[in-house]
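Content type compact mmCIF, C-alpha atoms, from the file structure.txt:
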# COMPACT_ATOMS: atom_id res chain seq x y z
CA MET G 17 52.58 39.62 -46.77
CA ARG G 18 53.55 38.89 -43.17
CA ARG G 19 52.64 42.49 -42.24
CA VAL G 20 49.18 42.13 -43.82
CA ILE G 21 48.56 38.88 -41.96
CA ALA G 22 49.85 40.43 -38.73
CA ALA G 23 47.49 43.40 -39.06
CA ALA G 24 44.44 41.21 -39.77
CA MET G 25 45.19 38.73 -36.99
CA ALA G 26 46.02 41.43 -34.43
CA ARG G 27 42.76 43.19 -35.29
CA SER G 28 40.90 39.90 -34.94
CA LYS G 29 42.31 39.11 -31.49
CA ARG G 30 41.85 42.74 -30.35
CA GLU G 31 38.24 43.16 -31.53
CA ILE G 32 36.61 39.73 -31.75
CA PRO G 33 35.64 37.87 -28.56
CA HIS G 34 36.40 34.39 -29.84
CA TYR G 35 34.91 31.26 -28.38
CA TYR G 36 36.06 27.79 -29.35
CA LEU G 37 34.30 24.46 -29.64
CA ALA G 38 35.65 21.13 -30.86
CA HIS G 39 34.02 17.93 -31.98
CA THR G 40 35.55 14.61 -33.04
CA VAL G 41 33.96 13.11 -36.15
CA ASP G 42 34.03 9.48 -37.26
CA MET G 43 35.16 9.72 -40.89
CA SER G 44 34.87 6.03 -41.80
CA ARG G 45 31.70 6.42 -43.89
CA ALA G 46 33.02 9.50 -45.68
CA LEU G 47 36.39 7.89 -46.46
CA ASP G 48 34.86 4.57 -47.55
CA TRP G 49 32.47 6.39 -49.87
CA LEU G 50 35.33 8.50 -51.24
CA ALA G 51 37.57 5.48 -51.90
CA HIS G 52 34.71 3.73 -53.72
CA GLU G 53 33.97 6.83 -55.80
CA ASN G 54 37.61 7.49 -56.68
CA ALA G 55 38.21 3.88 -57.73
CA GLN G 56 35.67 4.46 -60.53
CA ARG G 57 36.80 7.92 -61.59
CA PRO G 58 39.49 9.06 -64.01
CA VAL G 59 42.26 11.07 -62.38
CA THR G 60 40.83 14.36 -63.67
CA LYS G 61 37.55 13.73 -61.82
CA ARG G 62 38.97 12.42 -58.56
CA LEU G 63 37.81 13.93 -55.28
CA LEU G 64 39.84 14.85 -52.20
CA TYR G 65 38.27 14.50 -48.79
CA SER G 66 38.66 18.21 -48.19
CA VAL G 67 35.83 18.88 -50.68
CA LEU G 68 33.54 16.77 -48.51
CA LEU G 69 34.49 19.00 -45.58
CA LEU G 70 33.92 22.22 -47.55
CA ARG G 71 30.55 21.07 -48.83
CA ALA G 72 29.46 19.84 -45.38
CA VAL G 73 30.48 23.18 -43.86
CA ALA G 74 28.40 25.07 -46.43
CA LEU G 75 25.34 22.89 -45.77
CA ALA G 76 25.77 23.17 -41.99
CA VAL G 77 25.92 26.96 -42.41
CA ARG G 78 22.40 26.83 -43.90
CA GLU G 79 21.22 25.35 -40.61
CA VAL G 80 23.14 27.79 -38.42
CA PRO G 81 23.42 31.01 -40.44
CA GLU G 82 24.79 33.01 -37.50
CA VAL G 83 28.27 31.78 -38.42
CA ASN G 84 28.08 33.14 -41.96
CA GLY G 85 28.59 36.83 -42.61
CA PHE G 86 30.37 39.91 -41.33
CA TRP G 87 30.61 42.14 -38.29
CA ILE G 88 30.53 45.65 -39.76
CA ASP G 89 29.91 49.01 -38.02
CA GLY G 90 28.94 47.40 -34.75
CA ALA G 91 26.39 44.96 -36.13
CA PHE G 92 26.19 41.51 -37.69
CA LYS G 93 25.33 41.41 -41.36
CA GLN G 94 24.33 37.88 -42.22
CA SER G 95 25.28 36.78 -45.71
CA GLU G 96 22.70 35.00 -47.84
CA ALA G 97 25.47 33.70 -50.06
CA ILE G 98 27.81 31.03 -48.68
CA HIS G 99 31.29 31.75 -49.98
CA VAL G 100 33.76 29.48 -48.20
CA GLY G 101 37.23 30.94 -47.75
CA VAL G 102 39.95 28.33 -47.99
CA ALA G 103 43.10 29.08 -46.01
CA VAL G 104 45.99 28.26 -48.37
CA SER G 105 49.53 28.26 -47.04
CA LEU G 106 52.17 29.41 -49.50
CA ARG G 107 55.44 27.54 -49.89
CA GLN G 108 57.42 30.78 -49.65
CA GLY G 109 55.67 31.48 -46.31
CA GLY G 110 52.46 33.30 -45.60
CA LEU G 111 48.83 32.56 -46.09
CA VAL G 112 46.03 33.62 -48.39
CA ASN G 113 42.33 33.07 -47.91
CA PRO G 114 40.58 32.99 -51.30
CA ALA G 115 36.92 32.05 -51.44
CA ILE G 116 34.96 29.49 -53.41
CA HIS G 117 31.57 31.02 -54.20
CA ASP G 118 28.17 29.47 -53.50
CA VAL G 119 29.51 26.21 -52.11
CA ASP G 120 26.02 25.27 -50.93
CA LYS G 121 24.74 25.43 -54.51
CA ILE G 122 27.34 23.45 -56.41
CA GLY G 123 28.02 19.73 -56.52
CA LEU G 124 31.17 17.97 -55.36
CA ASP G 125 32.61 17.75 -58.88
CA GLU G 126 32.39 21.46 -59.56
CA LEU G 127 33.62 22.21 -56.05
CA MET G 128 36.63 19.96 -56.61
CA GLU G 129 37.47 21.67 -59.91
CA ARG G 130 37.22 25.09 -58.33
CA MET G 131 39.32 24.11 -55.33
CA LEU G 132 42.13 22.63 -57.46
CA ASP G 133 42.14 25.73 -59.64
CA LEU G 134 42.01 28.12 -56.69
CA VAL G 135 44.82 26.48 -54.72
CA ASN G 136 47.00 26.18 -57.82
CA ARG G 137 46.50 29.85 -58.67
CA ALA G 138 47.05 30.90 -55.05
CA ARG G 139 50.41 29.12 -54.98
CA THR G 140 51.52 30.46 -58.36
CA GLY G 141 50.51 34.05 -57.58
CA ARG G 142 47.60 34.24 -60.01
CA LEU G 143 44.67 35.02 -57.74
CA ARG G 144 42.28 37.86 -58.53
CA SER G 145 42.09 40.37 -55.69
CA SER G 146 38.29 40.01 -55.50
CA GLU G 147 38.69 36.31 -54.69
CA VAL G 148 40.63 37.10 -51.54
CA ALA G 149 37.97 39.37 -50.04
CA ASP G 150 34.80 37.40 -50.74
CA GLY G 151 34.73 34.70 -48.06
CA THR G 152 31.77 34.66 -45.68
CA ILE G 153 33.27 31.91 -43.48
CA THR G 154 36.72 30.29 -43.57
CA VAL G 155 37.87 26.69 -43.41
CA THR G 156 41.46 25.90 -42.50
CA ASN G 157 42.64 22.32 -42.81
CA LEU G 158 46.01 21.68 -41.21
CA GLY G 159 45.71 17.93 -41.12
CA GLU G 160 48.38 17.47 -43.76
CA GLN G 161 50.76 19.46 -41.58
CA GLY G 162 50.31 16.75 -38.97
CA VAL G 163 48.31 18.59 -36.34
CA GLU G 164 45.36 16.92 -34.64
CA ALA G 165 43.41 20.06 -33.75
CA VAL G 166 43.22 23.64 -34.98
CA TYR G 167 41.97 26.57 -32.92
CA GLY G 168 42.04 29.32 -35.51
CA VAL G 169 41.87 33.09 -35.52
CA ILE G 170 38.78 34.50 -37.26
CA TYR G 171 39.52 36.46 -40.42
CA PRO G 172 37.79 39.83 -39.89
CA PRO G 173 35.18 41.01 -40.68
CA GLN G 174 34.04 37.35 -40.85
CA VAL G 175 32.54 35.87 -37.69
CA ALA G 176 33.61 32.23 -37.78
CA LEU G 177 36.40 29.89 -38.79
CA VAL G 178 36.27 26.10 -39.02
CA GLY G 179 39.51 24.23 -38.30
CA CYS G 180 40.24 20.63 -39.29
CA GLY G 181 43.02 18.42 -38.00
CA LYS G 182 44.52 15.27 -39.43
CA ILE G 183 42.78 11.95 -39.76
CA VAL G 184 43.67 9.88 -36.73
CA ALA G 185 42.74 6.26 -36.00
CA ARG G 186 41.06 6.29 -32.60
CA PRO G 187 39.24 3.74 -30.47
CA TRP G 188 35.54 4.36 -31.08
CA ALA G 189 32.53 2.82 -29.38
CA VAL G 190 29.44 2.11 -31.49
CA GLY G 191 26.48 0.16 -30.13
CA GLY G 192 28.48 -0.94 -27.10
CA MET G 193 31.28 -2.35 -29.27
CA LEU G 194 34.76 -0.87 -29.37
CA GLY G 195 36.50 -0.55 -32.71
CA ILE G 196 39.10 1.57 -34.45
CA ARG G 197 37.81 4.36 -36.66
CA PRO G 198 39.46 7.10 -38.72
CA THR G 199 38.47 10.35 -37.05
CA ILE G 200 39.15 14.04 -37.35
CA GLN G 201 38.77 16.80 -34.87
CA ILE G 202 36.80 19.74 -36.23
CA SER G 203 36.79 22.99 -34.32
CA LEU G 204 34.75 26.15 -34.57
CA ALA G 205 36.16 29.55 -33.66
CA ALA G 206 33.24 31.95 -33.59
CA ASP G 207 32.47 35.55 -32.66
CA HIS G 208 30.61 35.71 -29.34
CA ARG G 209 29.01 39.03 -30.34
CA VAL G 210 27.06 37.11 -32.97
CA SER G 211 26.57 33.56 -31.75
CA ASP G 212 27.04 31.50 -28.63
CA GLY G 213 28.12 28.00 -27.72
CA HIS G 214 24.61 26.61 -28.11
CA ARG G 215 24.41 27.61 -31.77
CA GLY G 216 28.06 26.80 -32.36
CA GLY G 217 27.43 23.32 -30.99
CA ARG G 218 24.46 22.92 -33.33
CA PHE G 219 26.72 23.85 -36.20
CA LEU G 220 29.35 21.22 -35.34
CA THR G 221 26.80 18.46 -34.77
CA ALA G 222 25.12 19.34 -38.09
CA LEU G 223 28.53 19.07 -39.74
CA ASP G 224 29.03 15.63 -38.18
CA ARG G 225 25.59 14.45 -39.33
CA LEU G 226 26.25 15.65 -42.89
CA LEU G 227 29.58 13.82 -43.03
CA GLN G 228 27.86 10.57 -42.02
CA GLU G 229 25.88 10.71 -45.29
CA PRO G 230 28.57 11.55 -47.85
CA GLU G 231 26.46 10.31 -50.75
CA LYS G 232 24.06 13.18 -50.10
CA LEU G 233 26.70 15.92 -50.12
CA MET D 26 51.77 7.81 -77.92
CA THR D 27 55.26 7.20 -79.24
CA ALA D 28 57.72 5.50 -76.89
CA MET D 29 59.75 7.88 -74.76
CA SER D 30 63.13 7.35 -73.21
CA GLU D 31 63.65 7.30 -69.48
CA GLN D 32 65.38 10.68 -69.71
CA GLU D 33 62.52 12.20 -71.71
CA LEU D 34 60.01 10.93 -69.15
CA LYS D 35 62.06 12.38 -66.33
CA GLU D 36 61.95 15.75 -68.09
CA VAL D 37 58.16 15.48 -68.39
CA VAL D 38 57.88 14.67 -64.67
CA LEU D 39 60.11 17.59 -63.67
CA ARG D 40 58.21 19.94 -65.97
CA ALA D 41 54.92 18.88 -64.35
CA LEU D 42 56.44 19.54 -60.93
CA SER D 43 57.61 22.97 -62.08
CA GLY D 44 54.06 23.79 -63.06
CA ILE D 45 52.92 23.06 -59.52
CA ALA D 46 55.86 24.57 -57.64
CA PRO D 47 57.54 27.15 -59.93
CA GLU D 48 59.73 28.42 -57.09
CA VAL D 49 61.46 25.05 -56.71
CA ASP D 50 64.67 24.20 -58.56
CA VAL D 51 63.45 20.81 -59.76
CA GLY D 52 66.91 19.97 -61.12
CA SER D 53 68.21 19.79 -57.57
CA LEU D 54 65.66 17.19 -56.42
CA ASP D 55 66.93 13.79 -55.33
CA PRO D 56 65.02 11.43 -57.69
CA GLY D 57 65.03 8.64 -55.13
CA LYS D 58 63.63 10.64 -52.21
CA ASP D 59 59.99 11.25 -51.39
CA LEU D 60 58.79 14.36 -53.20
CA ARG D 61 56.67 15.45 -50.25
CA ASP D 62 59.79 15.48 -48.06
CA GLN D 63 61.66 17.67 -50.55
CA ILE D 64 58.91 20.02 -51.69
CA ASP D 65 56.06 21.21 -49.51
CA LEU D 66 53.36 19.43 -51.53
CA ASP D 67 49.92 18.82 -50.11
CA SER D 68 47.19 16.58 -51.51
CA VAL D 69 45.88 19.34 -53.81
CA ASP D 70 49.35 19.94 -55.28
CA PHE D 71 49.92 16.22 -55.62
CA LEU D 72 46.65 15.65 -57.45
CA ASN D 73 47.38 18.60 -59.75
CA PHE D 74 50.79 17.03 -60.43
CA VAL D 75 49.30 13.64 -61.33
CA ILE D 76 46.62 15.31 -63.49
CA GLY D 77 49.40 17.25 -65.26
CA LEU D 78 51.18 13.97 -66.11
CA HIS D 79 47.95 12.40 -67.28
CA LYS D 80 47.24 15.34 -69.59
CA GLU D 81 50.78 15.47 -70.94
CA LEU D 82 51.11 11.74 -71.60
CA GLY D 83 47.53 10.54 -71.98
CA VAL D 84 48.11 7.80 -69.41
CA GLU D 85 45.21 6.92 -67.12
CA ILE D 86 46.40 6.64 -63.53
CA PRO D 87 44.12 4.62 -61.22
CA ASP D 88 43.73 5.95 -57.69
CA ALA D 89 45.36 2.81 -56.28
CA ASP D 90 48.55 3.55 -58.28
CA VAL D 91 49.04 7.12 -57.03
CA PRO D 92 51.38 6.04 -54.16
CA LYS D 93 53.85 4.92 -56.86
CA PHE D 94 54.35 8.60 -57.70
CA ALA D 95 56.01 9.38 -54.39
CA THR D 96 59.46 9.85 -55.96
CA VAL D 97 60.70 11.08 -59.35
CA ASN D 98 62.16 7.62 -59.99
CA GLY D 99 58.85 6.02 -59.06
CA CYS D 100 56.97 8.28 -61.49
CA VAL D 101 59.40 7.52 -64.31
CA ALA D 102 59.34 3.74 -63.70
CA TYR D 103 55.53 3.67 -63.60
CA LEU D 104 55.08 5.84 -66.68
CA LEU D 105 57.74 3.92 -68.62
CA LYS D 106 55.76 0.69 -68.13
CA ARG D 107 52.46 2.33 -69.03
CA ILE D 108 53.48 3.97 -72.28
CA GLN D 109 55.45 1.08 -73.74
Conversion result in structure tokens:
Amino acid sequence: MRRVIAAAMARSKREIPHYYLAHTVDMSRALDWLAHENAQRPVTKRLLYSVLLLRAVALAVREVPEVNGFWIDGAFKQSEAIHVGVAVSLRQGGLVNPAIHDVDKIGLDELMERMLDLVNRARTGRLRSSEVADGTITVTNLGEQGVEAVYGVIYPPQVALVGCGKIVARPWAVGGMLGIRPTIQISLAADHRVSDGHRGGRFLTALDRLLQEPEKL
Amino acid sequence: MTAMSEQELKEVVLRALSGIAPEVDVGSLDPGKDLRDQIDLDSVDFLNFVIGLHKELGVEIPDADVPKFATVNGCVAYLLKRIQ
């Protein structure tokens, strides 16, 4: 597995001119909404905050479609479908990147069910090979590993990767008042042959806006 | 649900953990130590673990009680109270 990862990542760094952007997001509304939701749900219907991130990424992709698709034969092929690859680390070492299909078209409950199933199957070696090749954009969340920021390597032939760090309590000014808010740093690694910082910035600010209205995700 | 002994509940807990992390020798876990320090469990694994216990035992586990599942002993103590 390490050899496969090495080949893909070496190809990515050799062929893709990455650019990186980062944006810190106030997660207090999203986490408050989630805590309120989960307090009313049975354990089988509970949501993790990572599904909010996946869903917000898919909806932000609709607004900035240049980050969704593939670089093939010297040209960008935008994908109409939004299949979000989820980077899943394996306990034995290594990484797989299976995709959840049509994340922009499904609700949080279905997304949660699919994510639990996908991660469980990835870690018990029961993924279908088609699931590993279908992602049109990837999200990697290393917050639980304790890192504050992720600057990822794009998984070719995709053209963008979204990285999420851990939730950190930071001083945060709102309306001239300083408070403490739970925040995460979200980064975008994108292919400069396809998009530029202007569009990448639009993507990250759209993601922030979507996470401020979790009830609409 | 018929009453279960502490030992039977421990076996249920370890079986649920095996379902999540089949590569781990669950018999070697220290029941008093935090599971996340002994096995590389993330929030998805942990939720799958708690759902597995809920399905096996039929016990509803409120979100606020999930921190009590941090150790094998914590799981057993919580479940023992809930099923008796």
For chain D, which residue among G:Lys29, G:Arg144, G:Arg57, G:Arg225 is the nearest when counting all atoms listed in the file?
-> G:Arg57
Measure the distance from atom CA of G:Arg78 to atom CA of G:Ala206 in Å and round it to one decimal.
->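 Calculated distance between atom CA of G:Arg78 and atom CA of G:Ala206 is 15.8 Å.
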If you take all atoms listed in the file and a cut-off of 9 Å, which residues of chain G touch chain D, and what are their nearest atom pairs and distances in Å to one decimal, in chain and number order, as JSON lines?
{"residue": "G:Ala51", "atom": "CA", "partner": "D:Asp88", "partner_atom": "CA", "distance": 8.5}
{"residue": "G:Asn54", "atom": "CA", "partner": "D:Asp88", "partner_atom": "CA", "distance": 6.4}
{"residue": "G:Ala55", "atom": "CA", "partner": "D:Asp88", "partner_atom": "CA", "distance": 5.9}
{"residue": "G:Gln56", "atom": "CA", "partner": "D:Pro87", "partner_atom": "CA", "distance": 8.5}
{"residue": "G:Arg57", "atom": "CA", "partner": "D:Pro87", "partner_atom": "CA", "distance": 8.0}
{"residue": "G:Pro58", "atom": "CA", "partner": "D:Glu85", "partner_atom": "CA", "distance": 6.9}
{"residue": "G:Val59", "atom": "CA", "partner": "D:Ile86", "partner_atom": "CA", "distance": 6.2}
{"residue": "G:Thr60", "atom": "CA", "partner": "D:Ile76", "partner_atom": "CA", "distance": 5.9}
{"residue": "G:Arg62", "atom": "CA", "partner": "D:Asp88", "partner_atom": "CA", "distance": 8.1}
{"residue": "G:Leu64", "atom": "CA", "partner": "D:Ser68", "partner_atom": "CA", "distance": 7.6}
{"residue": "G:Arg107", "atom": "CA", "partner": "D:Asp65", "partner_atom": "CA", "distance": 6.4}
{"residue": "G:Gln108", "atom": "CA", "partner": "D:Glu48", "partner_atom": "CA", "distance": 8.1}
{"residue": "G:Met131", "atom": "CA", "partner": "D:Val69", "partner_atom": "CA", "distance": 8.3}
{"residue": "G:Leu132", "atom": "CA", "partner": "D:Val69", "partner_atom": "CA", "distance": 6.2}
{"residue": "G:Asp133", "atom": "CA", "partner": "D:Asn73", "partner_atom": "CA", "distance": 8.8}
{"residue": "G:Val135", "atom": "CA", "partner": "D:Val69", "partner_atom": "CA", "distance": 7.3}
{"residue": "G:Asn136", "atom": "CA", "partner": "D:Ile45", "partner_atom": "CA", "distance": 6.9}
{"residue": "G:Arg139", "atom": "CA", "partner": "D:Ala46", "partner_atom": "CA", "distance": 7.6}
{"residue": "G:Thr140", "atom": "CA", "partner": "D:Pro47", "partner_atom": "CA", "distance": 7.0}
{"residue": "G:Glu160", "atom": "CA", "partner": "D:Asp67", "partner_atom": "CA", "distance": 6.7}
{"residue": "G:Gln161", "atom": "CA", "partner": "D:Asp67", "partner_atom": "CA", "distance": 8.6}
Preceding selection exported with C-alpha atoms as a compact mmCIF listing (two decimals), in the frame of the given file:
# COMPACT_ATOMS: atom_id res chain seq x y z
CA ALA G 51 37.57 5.48 -51.90
CA ASN G 54 37.61 7.49 -56.68
CA ALA G 55 38.21 3.88 -57.73
CA GLN G 56 35.67 4.46 -60.53
CA ARG G 57 36.80 7.92 -61.59
CA PRO G 58 39.49 9.06 -64.01
CA VAL G 59 42.26 11.07 -62.38
CA THR G 60 40.83 14.36 -63.67
CA ARG G 62 38.97 12.42 -58.56
CA LEU G 64 39.84 14.85 -52.20
CA ARG G 107 55.44 27.54 -49.89
CA GLN G 108 57.42 30.78 -49.65
CA MET G 131 39.32 24.11 -55.33
CA LEU G 132 42.13 22.63 -57.46
CA ASP G 133 42.14 25.73 -59.64
CA VAL G 135 44.82 26.48 -54.72
CA ASN G 136 47.00 26.18 -57.82
CA ARG G 139 50.41 29.12 -54.98
CA THR G 140 51.52 30.46 -58.36
CA GLU G 160 48.38 17.47 -43.76
CA GLN G 161 50.76 19.46 -41.58
Enter the distance from atom CA of G:Trp49 to atom CA of G:Ala185, in Å, rounded to one decimal.
->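 Distance between the two atoms: 17.3 Å.
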Hey, can you check how far atom CA of D:Tyr103 sits from atom CA of G:Leu50?
->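 So the answer is 24.2 Å.
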Would you mind listing, for every residue of stretch 68-89 of chain D within 8 Å of stretch 27-42 of chain D, the two atoms forming the shortest contact and the distance between them in Å to one decimal, using all atoms listed in the file, sorted by chain and ascending residue number, as JSON lines?
{"residue": "D:Phe74", "atom": "CA", "partner": "D:Ala41", "partner_atom": "CA", "distance": 6.0}
{"residue": "D:Gly77", "atom": "CA", "partner": "D:Ala41", "partner_atom": "CA", "distance": 5.8}
{"residue": "D:Leu78", "atom": "CA", "partner": "D:Ala41", "partner_atom": "CA", "distance": 6.4}
{"residue": "D:Glu81", "atom": "CA", "partner": "D:Val37", "partner_atom": "CA", "distance": 7.8}
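Remark: for G:Phe86, the closest of the candidate residues G:Ile202, G:Ile98, G:Val73, G:Ala222 is G:Ile98 (distances computed over only C-alpha atoms).
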So which residues touch G:Val20 within 12 Å, counting all atoms listed in the file, skipping near sequence neighbours fewer than 2 positions away, as number ranges by chain?
-> G: 17-18, 22-27, 110-112, 171
Could you take the residues named above and write them with C-alpha atoms, as a compact mmCIF listing (two decimals), in the frame of the given file?
# COMPACT_ATOMS: atom_id res chain seq x y z
CA MET G 17 52.58 39.62 -46.77
CA ARG G 18 53.55 38.89 -43.17
CA ALA G 22 49.85 40.43 -38.73
CA ALA G 23 47.49 43.40 -39.06
CA ALA G 24 44.44 41.21 -39.77
CA MET G 25 45.19 38.73 -36.99
CA ALA G 26 46.02 41.43 -34.43
CA ARG G 27 42.76 43.19 -35.29
CA GLY G 110 52.46 33.30 -45.60
CA LEU G 111 48.83 32.56 -46.09
CA VAL G 112 46.03 33.62 -48.39
CA TYR G 171 39.52 36.46 -40.42
Give the centre and edge lengths of an axis-aligned box, in Å to one decimal, that holds all listed atoms of stretch 37-45 of chain D with 6 Å on each side, as AutoDock Vina command-line options.
--center_x 56.5 --center_y 19.2 --center_z -64.0 --size_x 19.2 --size_y 21.1 --size_z 20.9
Cut-off 10 Å around (57.9, 3.6, -50.6) with all atoms listed in the file: residues as a ChimeraX atom specification | /D:57-59,92-96,99
Write the residues of the selection above to a file with C-alpha atoms, as a JSON list (two decimals), in the coordinates of the input.
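What ended up in out.json:
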[["chain", "number", "residue", "atom", "x", "y", "z"],
["D", 57, "GLY", "CA", 65.03, 8.64, -55.13],
["D", 58, "LYS", "CA", 63.63, 10.64, -52.21],
["D", 59, "ASP", "CA", 59.99, 11.25, -51.39],
["D", 92, "PRO", "CA", 51.38, 6.04, -54.16],
["D", 93, "LYS", "CA", 53.85, 4.92, -56.86],
["D", 94, "PHE", "CA", 54.35, 8.60, -57.70],
["D", 95, "ALA", "CA", 56.01, 9.38, -54.39],
["D", 96, "THR", "CA", 59.46, 9.85, -55.96],
["D", 99, "GLY", "CA", 58.85, 6.02, -59.06]]
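Distance annotation: of G:Ile183, G:Ile116, G:Leu68, G:Val190, the residue with the minimal separation from G:Ala103 is G:Ile116; atom set is only C-alpha atoms.
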Using all atoms listed in the file, which of G:Arg130, G:His208, G:Arg45, G:Lys182 sits nearest G:Val67?
->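 For G:Val67, the nearest of the given residues is G:Arg130.
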Within 7 Å of (37.9, 34.2, -54.6), all atoms listed in the file: residues as a PDB file with C-alpha atoms, keeping the file's coordinate frame?
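Okay, this is what ended up in out25.pdb:
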ATOM      1  CA  PRO G 114      40.580  32.990 -51.300  1.00  0.00           C
ATOM      2  CA  ALA G 115      36.920  32.050 -51.440  1.00  0.00           C
ATOM      3  CA  ILE G 116      34.960  29.490 -53.410  1.00  0.00           C
ATOM      4  CA  ARG G 144      42.280  37.860 -58.530  1.00  0.00           C
ATOM      5  CA  SER G 146      38.290  40.010 -55.500  1.00  0.00           C
ATOM      6  CA  GLU G 147      38.690  36.310 -54.690  1.00  0.00           C
ATOM      7  CA  VAL G 148      40.630  37.100 -51.540  1.00  0.00           C
ATOM      8  CA  ALA G 149      37.970  39.370 -50.040  1.00  0.00           C
ATOM      9  CA  ASP G 150      34.800  37.400 -50.740  1.00  0.00           C
TER      10      ASP G 150
END
Near-G:Ala76 list (8 Å; all atoms listed in the file; drop same-chain fewer than 4 positions) as a PyMOL selection string = chain G and resi 72+80+219-220+222-223+226
Taking the partial coordinates given, rebuild stretch 39-53 of chain D to contain N, CA and C atoms; return it as a short mmCIF file (atom, residue, chain, number, x, y, z; two decimals), keeping the file's coordinate frame.
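Contents of the output file out23.cif:
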data_model
loop_
_atom_site.label_atom_id
_atom_site.label_comp_id
_atom_site.auth_asym_id
_atom_site.auth_seq_id
_atom_site.Cartn_x
_atom_site.Cartn_y
_atom_site.Cartn_z
N LEU D 39 59.58 16.36 -64.29
CA LEU D 39 60.11 17.59 -63.67
C LEU D 39 59.37 18.83 -64.16
N ARG D 40 58.97 18.79 -65.44
CA ARG D 40 58.21 19.94 -65.97
C ARG D 40 56.84 20.03 -65.28
N ALA D 41 56.22 18.88 -65.05
CA ALA D 41 54.92 18.88 -64.35
C ALA D 41 55.08 19.41 -62.92
N LEU D 42 56.19 19.03 -62.28
CA LEU D 42 56.44 19.54 -60.93
C LEU D 42 56.67 21.05 -60.94
N SER D 43 57.38 21.53 -61.96
CA SER D 43 57.61 22.97 -62.08
C SER D 43 56.32 23.74 -62.21
N GLY D 44 55.35 23.13 -62.90
CA GLY D 44 54.06 23.79 -63.06
C GLY D 44 53.33 23.95 -61.74
N ILE D 45 53.57 23.02 -60.82
CA ILE D 45 52.92 23.06 -59.52
C ILE D 45 53.69 23.94 -58.54
N ALA D 46 55.01 23.84 -58.60
CA ALA D 46 55.86 24.57 -57.64
C ALA D 46 56.95 25.33 -58.41
N PRO D 47 56.57 26.44 -59.07
CA PRO D 47 57.54 27.15 -59.93
C PRO D 47 58.74 27.70 -59.18
N GLU D 48 58.62 27.85 -57.87
CA GLU D 48 59.73 28.42 -57.09
C GLU D 48 60.81 27.38 -56.77
N VAL D 49 60.51 26.13 -57.06
CA VAL D 49 61.46 25.05 -56.71
C VAL D 49 62.41 24.79 -57.87
N ASP D 50 63.69 24.60 -57.55
CA ASP D 50 64.67 24.20 -58.56
C ASP D 50 64.56 22.68 -58.70
N VAL D 51 63.75 22.25 -59.67
CA VAL D 51 63.45 20.81 -59.76
C VAL D 51 64.69 20.00 -60.15
N GLY D 52 65.67 20.66 -60.76
CA GLY D 52 66.91 19.97 -61.12
C GLY D 52 67.70 19.52 -59.91
N SER D 53 67.44 20.14 -58.77
CA SER D 53 68.21 19.79 -57.57
C SER D 53 67.53 18.70 -56.74
#
